[in-house]
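To start, the structure under review is shown below, and the notes come after it.
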2 protein chains.
Amino acid sequence: MVLEVADIHVTDRDGFIAAYRSAVEVVRSCPGCRSVRMTAGVEDPLRFTLLIEWDSVEAHEDNFRATERYSTWRAAIGPYFAQPPLVEHFTDVD
Amino acid sequence: MVLEVADIHVTDRDGFIAAYRSAVEVVRSCPGCRSVRMTAGVEDPLRFTLLIEWDSVEAHEDNFRATERYSTWRAAIGPYFAQPPLVEHFTDVD
């Protein structure tokens, strides 16, 4: 299991949330995706941290990033990006 | 409930993990702390994402940040920081 952490900066908080809600199912339903959690910034209302658990980095890349699911997802939320998100993977300590 | 997200860059991965393990209980046992999850970077082995759920930002600040628990915690893990961590709070969307 791997945790994808996306640090997202947007131009429009409400617009981004609506776009996320309209498109999240395309991530959640992706083979290899275990959970999706979107969180919105307190100190910075235009910052979001997206946490997605995948079976593996390969599951994320092969089943999602390389497919039309990703195009659909990015078409929905991409217009709200203030800059390209920083997206990396992490594994649990302990 | 609020999620604290700490983006931590270290100088020594194994040293940091050991220090974290030695000190995590001081966070976990803090009133208002619901869960602690440390994750280690895949793309960047010297990067960690720490996720801590608190009852509220106030619980984090009053019960932890303003107390000796924080001093103990920072004394253990601080020596491994490559730079000051970025720490902000987030709330769940949905």
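By order in the structure tokens, chains are A, B, ...; within a chain, residues start at 1; ligands start at 1, following the order shown.
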DSSP-assigned alpha helix (DSSP H) members of chain A, reported as a PDB file with N, CA and C atoms, in the first residue's frame:
ATOM      1  N   ARG A  13     -11.625  28.406  -4.212  1.00  0.00           N
ATOM      2  CA  ARG A  13     -11.862  27.299  -3.280  1.00  0.00           C
ATOM      3  C   ARG A  13     -13.188  26.575  -3.562  1.00  0.00           C
ATOM      4  N   ASP A  14     -14.254  27.317  -3.675  1.00  0.00           N
ATOM      5  CA  ASP A  14     -15.565  26.694  -3.875  1.00  0.00           C
ATOM      6  C   ASP A  14     -15.672  26.001  -5.235  1.00  0.00           C
ATOM      7  N   GLY A  15     -15.099  26.648  -6.241  1.00  0.00           N
ATOM      8  CA  GLY A  15     -15.118  26.055  -7.579  1.00  0.00           C
ATOM      9  C   GLY A  15     -14.353  24.747  -7.615  1.00  0.00           C
ATOM     10  N   PHE A  16     -13.205  24.735  -6.933  1.00  0.00           N
ATOM     11  CA  PHE A  16     -12.396  23.518  -6.889  1.00  0.00           C
ATOM     12  C   PHE A  16     -13.144  22.401  -6.165  1.00  0.00           C
ATOM     13  N   ILE A  17     -13.756  22.727  -5.040  1.00  0.00           N
ATOM     14  CA  ILE A  17     -14.490  21.706  -4.282  1.00  0.00           C
ATOM     15  C   ILE A  17     -15.622  21.112  -5.122  1.00  0.00           C
ATOM     16  N   ALA A  18     -16.336  21.965  -5.824  1.00  0.00           N
ATOM     17  CA  ALA A  18     -17.426  21.472  -6.670  1.00  0.00           C
ATOM     18  C   ALA A  18     -16.886  20.572  -7.787  1.00  0.00           C
ATOM     19  N   ALA A  19     -15.792  20.992  -8.383  1.00  0.00           N
ATOM     20  CA  ALA A  19     -15.199  20.199  -9.465  1.00  0.00           C
ATOM     21  C   ALA A  19     -14.703  18.859  -8.936  1.00  0.00           C
ATOM     22  N   TYR A  20     -14.082  18.900  -7.765  1.00  0.00           N
ATOM     23  CA  TYR A  20     -13.611  17.661  -7.128  1.00  0.00           C
ATOM     24  C   TYR A  20     -14.783  16.704  -6.897  1.00  0.00           C
ATOM     25  N   ARG A  21     -15.874  17.227  -6.334  1.00  0.00           N
ATOM     26  CA  ARG A  21     -17.030  16.366  -6.037  1.00  0.00           C
ATOM     27  C   ARG A  21     -17.614  15.765  -7.314  1.00  0.00           C
ATOM     28  N   SER A  22     -17.550  16.534  -8.394  1.00  0.00           N
ATOM     29  CA  SER A  22     -18.118  16.034  -9.658  1.00  0.00           C
ATOM     30  C   SER A  22     -17.268  14.930 -10.262  1.00  0.00           C
ATOM     31  N   ALA A  23     -15.998  14.882  -9.920  1.00  0.00           N
ATOM     32  CA  ALA A  23     -15.075  13.961 -10.592  1.00  0.00           C
ATOM     33  C   ALA A  23     -14.465  12.878  -9.716  1.00  0.00           C
ATOM     34  N   VAL A  24     -14.626  12.970  -8.397  1.00  0.00           N
ATOM     35  CA  VAL A  24     -13.911  12.059  -7.503  1.00  0.00           C
ATOM     36  C   VAL A  24     -14.224  10.588  -7.757  1.00  0.00           C
ATOM     37  N   GLU A  25     -15.421  10.294  -8.204  1.00  0.00           N
ATOM     38  CA  GLU A  25     -15.777   8.886  -8.407  1.00  0.00           C
ATOM     39  C   GLU A  25     -14.867   8.201  -9.422  1.00  0.00           C
ATOM     40  N   VAL A  26     -14.331   8.988 -10.373  1.00  0.00           N
ATOM     41  CA  VAL A  26     -13.459   8.387 -11.386  1.00  0.00           C
ATOM     42  C   VAL A  26     -12.149   7.910 -10.757  1.00  0.00           C
ATOM     43  N   VAL A  27     -11.785   8.509  -9.612  1.00  0.00           N
ATOM     44  CA  VAL A  27     -10.595   8.053  -8.884  1.00  0.00           C
ATOM     45  C   VAL A  27     -10.977   6.903  -7.973  1.00  0.00           C
ATOM     46  N   ARG A  28     -12.044   7.133  -7.206  1.00  0.00           N
ATOM     47  CA  ARG A  28     -12.451   6.152  -6.196  1.00  0.00           C
ATOM     48  C   ARG A  28     -12.733   4.783  -6.798  1.00  0.00           C
ATOM     49  N   VAL A  57       2.500   2.088  -6.191  1.00  0.00           N
ATOM     50  CA  VAL A  57       2.764   3.188  -7.119  1.00  0.00           C
ATOM     51  C   VAL A  57       2.374   2.760  -8.533  1.00  0.00           C
ATOM     52  N   GLU A  58       2.651   1.509  -8.860  1.00  0.00           N
ATOM     53  CA  GLU A  58       2.333   0.994 -10.203  1.00  0.00           C
ATOM     54  C   GLU A  58       0.813   1.011 -10.453  1.00  0.00           C
ATOM     55  N   ALA A  59       0.042   0.660  -9.445  1.00  0.00           N
ATOM     56  CA  ALA A  59      -1.416   0.687  -9.599  1.00  0.00           C
ATOM     57  C   ALA A  59      -1.862   2.113  -9.936  1.00  0.00           C
ATOM     58  N   HIS A  60      -1.313   3.085  -9.225  1.00  0.00           N
ATOM     59  CA  HIS A  60      -1.641   4.486  -9.489  1.00  0.00           C
ATOM     60  C   HIS A  60      -1.247   4.864 -10.913  1.00  0.00           C
ATOM     61  N   GLU A  68      -7.620   7.169 -19.480  1.00  0.00           N
ATOM     62  CA  GLU A  68      -8.594   8.251 -19.654  1.00  0.00           C
ATOM     63  C   GLU A  68      -9.188   8.726 -18.340  1.00  0.00           C
ATOM     64  N   ARG A  69      -9.142   7.883 -17.311  1.00  0.00           N
ATOM     65  CA  ARG A  69      -9.623   8.333 -16.004  1.00  0.00           C
ATOM     66  C   ARG A  69      -8.891   9.610 -15.603  1.00  0.00           C
ATOM     67  N   TYR A  70      -7.574   9.622 -15.831  1.00  0.00           N
ATOM     68  CA  TYR A  70      -6.759  10.773 -15.459  1.00  0.00           C
ATOM     69  C   TYR A  70      -7.146  11.998 -16.276  1.00  0.00           C
ATOM     70  N   SER A  71      -7.378  11.812 -17.558  1.00  0.00           N
ATOM     71  CA  SER A  71      -7.765  12.946 -18.415  1.00  0.00           C
ATOM     72  C   SER A  71      -9.079  13.557 -17.924  1.00  0.00           C
ATOM     73  N   THR A  72     -10.005  12.695 -17.574  1.00  0.00           N
ATOM     74  CA  THR A  72     -11.311  13.161 -17.081  1.00  0.00           C
ATOM     75  C   THR A  72     -11.144  13.938 -15.781  1.00  0.00           C
ATOM     76  N   TRP A  73     -10.351  13.374 -14.882  1.00  0.00           N
ATOM     77  CA  TRP A  73     -10.081  13.993 -13.574  1.00  0.00           C
ATOM     78  C   TRP A  73      -9.426  15.354 -13.734  1.00  0.00           C
ATOM     79  N   ARG A  74      -8.380  15.417 -14.559  1.00  0.00           N
ATOM     80  CA  ARG A  74      -7.654  16.674 -14.739  1.00  0.00           C
ATOM     81  C   ARG A  74      -8.479  17.725 -15.465  1.00  0.00           C
ATOM     82  N   ALA A  75      -9.359  17.264 -16.375  1.00  0.00           N
ATOM     83  CA  ALA A  75     -10.214  18.220 -17.086  1.00  0.00           C
ATOM     84  C   ALA A  75     -11.159  18.920 -16.107  1.00  0.00           C
ATOM     85  N   ALA A  76     -11.578  18.170 -15.085  1.00  0.00           N
ATOM     86  CA  ALA A  76     -12.515  18.740 -14.108  1.00  0.00           C
ATOM     87  C   ALA A  76     -11.831  19.706 -13.133  1.00  0.00           C
ATOM     88  N   ILE A  77     -10.711  19.270 -12.552  1.00  0.00           N
ATOM     89  CA  ILE A  77     -10.092  20.071 -11.478  1.00  0.00           C
ATOM     90  C   ILE A  77      -8.957  20.970 -11.951  1.00  0.00           C
TER      91      ILE A  77
END
Counting only C-alpha atoms, what are the residues of chain B within 12 Å of chain A, and for each of them which pair of atoms is the nearest and at what distance in Å, to one decimal? Sort the table by chain and rising number, as CSV.
residue,atom,partner,partner_atom,distance
B:Met1,CA,A:Thr39,CA,11.4
B:Val2,CA,A:Val42,CA,8.9
B:Leu3,CA,A:Thr39,CA,8.0
B:Glu4,CA,A:Gly41,CA,9.8
B:Val5,CA,A:Thr49,CA,8.2
B:Ala6,CA,A:Thr49,CA,10.9
B:Asp7,CA,A:Asp7,CA,9.9
B:Arg13,CA,A:Val93,CA,11.1
B:Asp14,CA,A:Val93,CA,10.7
B:Phe16,CA,A:Val93,CA,10.8
B:Ile17,CA,A:Val93,CA,7.5
B:Ala18,CA,A:Val93,CA,10.1
B:Ala19,CA,A:Val93,CA,12.0
B:Tyr20,CA,A:Val93,CA,9.4
B:Arg21,CA,A:Asp94,CA,8.3
B:Ser22,CA,A:Asp94,CA,11.9
B:Val24,CA,A:Asp94,CA,11.0
B:Val36,CA,A:Val93,CA,10.6
B:Arg37,CA,A:Asp92,CA,7.3
B:Met38,CA,A:Val93,CA,5.5
B:Thr39,CA,A:Asp92,CA,4.4
B:Ala40,CA,A:Phe90,CA,5.0
B:Gly41,CA,A:Phe90,CA,4.4
B:Val42,CA,A:Phe90,CA,5.3
B:Glu43,CA,A:Glu88,CA,6.5
B:Asp44,CA,A:Glu88,CA,8.2
B:Pro45,CA,A:Phe90,CA,9.1
B:Leu46,CA,A:Phe90,CA,11.0
B:Arg47,CA,A:Phe90,CA,8.8
B:Phe48,CA,A:Phe90,CA,7.5
B:Thr49,CA,A:Phe90,CA,7.5
B:Leu50,CA,A:Asp92,CA,9.8
B:Leu51,CA,A:Leu51,CA,10.2
B:Glu53,CA,A:Thr39,CA,11.9
B:Ser56,CA,A:Val42,CA,11.0
B:Val57,CA,A:Val42,CA,9.1
B:Leu86,CA,A:Asp7,CA,11.7
B:Val87,CA,A:Glu43,CA,9.8
B:Glu88,CA,A:Glu43,CA,6.5
B:His89,CA,A:Val42,CA,5.5
B:Phe90,CA,A:Gly41,CA,4.4
B:Thr91,CA,A:Thr39,CA,5.1
B:Asp92,CA,A:Thr39,CA,4.4
B:Val93,CA,A:Thr39,CA,5.4
B:Asp94,CA,A:Met38,CA,8.0
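Note that the spacing between CA of Ser29 (chain A) and CA of Thr67 (chain A) amounts to 13.2 Å.
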Please give the complete set of residues from chain A that DSSP, run on the backbone, assigns to strand (DSSP E), formatted as JSON, numbers by chain.
-> {"A": [2, 3, 4, 5, 6, 7, 8, 9, 33, 34, 35, 36, 37, 38, 39, 40, 41, 47, 48, 49, 50, 51, 52, 53, 54, 86, 87, 88, 89, 90, 91, 92]}
Point-to-point distance from CA of Ser35 (chain A) to CA of Thr11 (chain A), Å rounded to tenths =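 Going from CA of Ser35 (chain A) over to CA of Thr11 (chain A), I get 25.6 Å.
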